[in-house]
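Engineer: Okay, handing you the structure first.
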Amino acid sequence: MKLLRIGAPGAEMPAALVGESRYVDLSDVVADFDEAFFGSGGLDRIAPIVAERAATGGEPIGDQRIGAPIARPHQIICVGLNYSDHAAETGQAVPSEPILFTKSPNTLVGPNDDVRIPRGATKPDWEVELGIVIGKRTSYLDSVDEARDHIAGWVLVNDVSERAFQMERGGQWLKGKSAETFNPAGPWLVTQDEVADVTDLGMWLDVNGVRRQTGSTSTMIFDPFFIVHYISQFMVLEPGDLINTGTPPGVGMGFTPQVWLQAGDVMTLGIGGLGAQRQTVLAPR
């Protein structure tokens with residue numbers, strides 16, 4: 001299944017994608033794609049309903065707003081320097097264990113919502129990433145294979161960053177990661193059965209029509225299943241939590257000279273099988 005949420009911010013309705021641009025409404029059977037939904041076996045419960053309703057052909061999405069495919073999670077956990085070719089472009093060593101940091105959950109916005117540069121920013125940057133949505137409460141997993149049963153599915157994310165805040169202001173990276181609008185997600189949550197090999201997905205990101213990132217999940221240092229197992233040794237992951245798994249090369253800080261987002265820029269990005277996004281960059285408020 002491909003699950004999405006349609007409607008104005010704060011009033012999105014749960015739905016499932018039918019074909020490429022149509023949907024079936026699930027709001028009569030699901031309150032939202034949130035902790036309660038994932039934690040109660042919601043994916044299995046709605047599967048036959050989605051199949052039955054999909055036979056009707058669904059309704060066109062048209063120009064309706066698509067929100068993030070999950071409700072605000074308890075936490076967003078990020079993995080830094082998780083692509084060997086990205087580590088190389090930044091001049092940093094390949095980590096021996098995953099580098100973890102948090103991102104404020106209220107950064108989550110829809111895939112085509114505007115991204116706003118924060119006040120005082122000088123180095124706003126982009127990062128196309130694979131996101132993992134947790135499907136059940138996860139703690140102290142015994143094996144990497146066990147992680148598969150704890151994943152609801154995959155989602156495209158843009159881990160927008162402010163590099164000066166992240167690298168030059170001391171302390172933890174979250175200062176450069178947690179500005180409002182800094183985590184566009186979607187357009188849909190793609191369940192595991194829809195993706196043949198999550199470790200071999202093409203990734204791309206353009207700024208103003210110029211290709212900046214071209215990569216593949218195949219160059220991940222730590223794959224998604226390892227990441228879930230690893231994180232579970234340090235914290236409890238709740239149903240609906242989001243994990244951003246790192247970015248391939250081509251971020252603005254990796255260019256010579258470096259390239260930073262400016263108000264009016266347009267980012268477009270995608271991952272094979274997970275859809276595409278488009279965001280316009282706004283000046284600080």
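Identifiers for the structure tokens are assigned positionally: chains receive A, B, ... in sequence, residues are indexed from 1 per chain, and ligands are indexed from 1 in the order shown.
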Please provide the set of residues having any atom within 10 Å of Ser143 (chain A), restricted to only C-alpha atoms, with same-chain residues fewer than 3 positions apart removed, written as a PDB file with N, CA and C atoms, in the first residue's frame.
Structural biologist:
ATOM      1  N   TYR A 140      15.516  -2.974  22.266  1.00  0.00           N
ATOM      2  CA  TYR A 140      16.449  -4.090  22.474  1.00  0.00           C
ATOM      3  C   TYR A 140      16.188  -5.264  21.526  1.00  0.00           C
ATOM      4  N   GLU A 146      15.259  -9.151  12.903  1.00  0.00           N
ATOM      5  CA  GLU A 146      14.045  -8.856  13.662  1.00  0.00           C
ATOM      6  C   GLU A 146      13.523  -7.459  13.364  1.00  0.00           C
ATOM      7  N   ALA A 147      14.401  -6.574  12.923  1.00  0.00           N
ATOM      8  CA  ALA A 147      14.002  -5.196  12.649  1.00  0.00           C
ATOM      9  C   ALA A 147      12.951  -5.117  11.545  1.00  0.00           C
ATOM     10  N   ARG A 148      12.951  -6.061  10.605  1.00  0.00           N
ATOM     11  CA  ARG A 148      12.005  -6.027   9.495  1.00  0.00           C
ATOM     12  C   ARG A 148      10.563  -6.011   9.987  1.00  0.00           C
ATOM     13  N   PHE A 225      17.772  -1.801   8.145  1.00  0.00           N
ATOM     14  CA  PHE A 225      17.476  -2.819   9.147  1.00  0.00           C
ATOM     15  C   PHE A 225      18.523  -2.788  10.267  1.00  0.00           C
ATOM     16  N   PHE A 226      19.782  -2.596   9.874  1.00  0.00           N
ATOM     17  CA  PHE A 226      20.836  -2.439  10.880  1.00  0.00           C
ATOM     18  C   PHE A 226      20.558  -1.216  11.743  1.00  0.00           C
ATOM     19  N   VAL A 228      17.696   0.304  12.532  1.00  0.00           N
ATOM     20  CA  VAL A 228      16.610   0.113  13.500  1.00  0.00           C
ATOM     21  C   VAL A 228      17.085  -0.762  14.661  1.00  0.00           C
ATOM     22  N   HIS A 229      17.787  -1.839  14.341  1.00  0.00           N
ATOM     23  CA  HIS A 229      18.322  -2.701  15.396  1.00  0.00           C
ATOM     24  C   HIS A 229      19.266  -1.916  16.292  1.00  0.00           C
ATOM     25  N   TYR A 230      20.148  -1.131  15.686  1.00  0.00           N
ATOM     26  CA  TYR A 230      21.155  -0.380  16.436  1.00  0.00           C
ATOM     27  C   TYR A 230      20.496   0.638  17.364  1.00  0.00           C
TER      28      TYR A 230
END
Engineer: Would you list, as a PyMOL selection string, the residues of region 73-221 of chain A that end up in helix (DSSP H, G or I) under DSSP run on this structure's backbone?
Structural biologist: chain A and resi 84-90+105-107+145-150+163-168+173-176+192-194+217-219
Engineer: Grab the residues selected above and save them as a PDB file, in the first residue's frame with C-alpha atoms.
Structural biologist:
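In the end it all went to part_7.pdb:
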ATOM      1  CA  SER A  84      30.363   6.447   1.962  1.00  0.00           C
ATOM      2  CA  ASP A  85      30.444   8.859  -0.990  1.00  0.00           C
ATOM      3  CA  HIS A  86      28.893  11.668   1.085  1.00  0.00           C
ATOM      4  CA  ALA A  87      31.470  11.174   3.860  1.00  0.00           C
ATOM      5  CA  ALA A  88      34.168  11.468   1.212  1.00  0.00           C
ATOM      6  CA  GLU A  89      32.821  14.755  -0.179  1.00  0.00           C
ATOM      7  CA  THR A  90      32.753  16.290   3.306  1.00  0.00           C
ATOM      8  CA  PRO A 105       9.150  16.514  15.407  1.00  0.00           C
ATOM      9  CA  ASN A 106       7.456  19.830  14.606  1.00  0.00           C
ATOM     10  CA  THR A 107       9.731  20.217  11.569  1.00  0.00           C
ATOM     11  CA  ASP A 145      16.536  -9.532  10.881  1.00  0.00           C
ATOM     12  CA  GLU A 146      14.045  -8.856  13.662  1.00  0.00           C
ATOM     13  CA  ALA A 147      14.002  -5.196  12.649  1.00  0.00           C
ATOM     14  CA  ARG A 148      12.005  -6.027   9.495  1.00  0.00           C
ATOM     15  CA  ASP A 149       8.931  -6.806  11.562  1.00  0.00           C
ATOM     16  CA  HIS A 150       9.153  -3.422  13.295  1.00  0.00           C
ATOM     17  CA  ARG A 163      25.151  24.278   8.272  1.00  0.00           C
ATOM     18  CA  ALA A 164      26.351  27.322  10.217  1.00  0.00           C
ATOM     19  CA  PHE A 165      23.940  26.502  13.043  1.00  0.00           C
ATOM     20  CA  GLN A 166      24.927  22.829  12.800  1.00  0.00           C
ATOM     21  CA  MET A 167      28.707  23.113  12.585  1.00  0.00           C
ATOM     22  CA  GLU A 168      29.711  26.518  13.894  1.00  0.00           C
ATOM     23  CA  TRP A 173      23.665  19.114  15.386  1.00  0.00           C
ATOM     24  CA  LEU A 174      19.972  19.541  16.214  1.00  0.00           C
ATOM     25  CA  LYS A 175      20.400  23.342  16.188  1.00  0.00           C
ATOM     26  CA  GLY A 176      20.990  23.183  12.452  1.00  0.00           C
ATOM     27  CA  GLN A 192       7.644  -2.858   2.695  1.00  0.00           C
ATOM     28  CA  ASP A 193       5.889  -5.262   0.324  1.00  0.00           C
ATOM     29  CA  GLU A 194       5.852  -2.548  -2.373  1.00  0.00           C
ATOM     30  CA  THR A 217      20.736   3.675  -1.157  1.00  0.00           C
ATOM     31  CA  SER A 218      23.263   1.018  -2.206  1.00  0.00           C
ATOM     32  CA  THR A 219      26.090   3.257  -0.903  1.00  0.00           C
TER      33      THR A 219
END
Engineer: How many Å lie between CA of Phe37 (chain A) and CA of Lys136 (chain A), rounded to one decimal?
Structural biologist: 9.8 Å
Engineer: Enter the distance from CA of Gly39 (chain A) to CA of Pro9 (chain A), in Å, rounded to one decimal.
Structural biologist: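 Answer for the CA of Gly39 (chain A) to CA of Pro9 (chain A) separation: 23.5 Å.
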Engineer: Give the answer as one residue: which of A:Gly110, A:Gly275, A:Gly19, A:Gly254 has the shortest atom-to-atom distance to Leu130 (chain A), using only C-alpha atoms?
Structural biologist: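 Ranking A:Gly110, A:Gly275, A:Gly19, A:Gly254 by distance to Leu130 (chain A), first place goes to A:Gly275.
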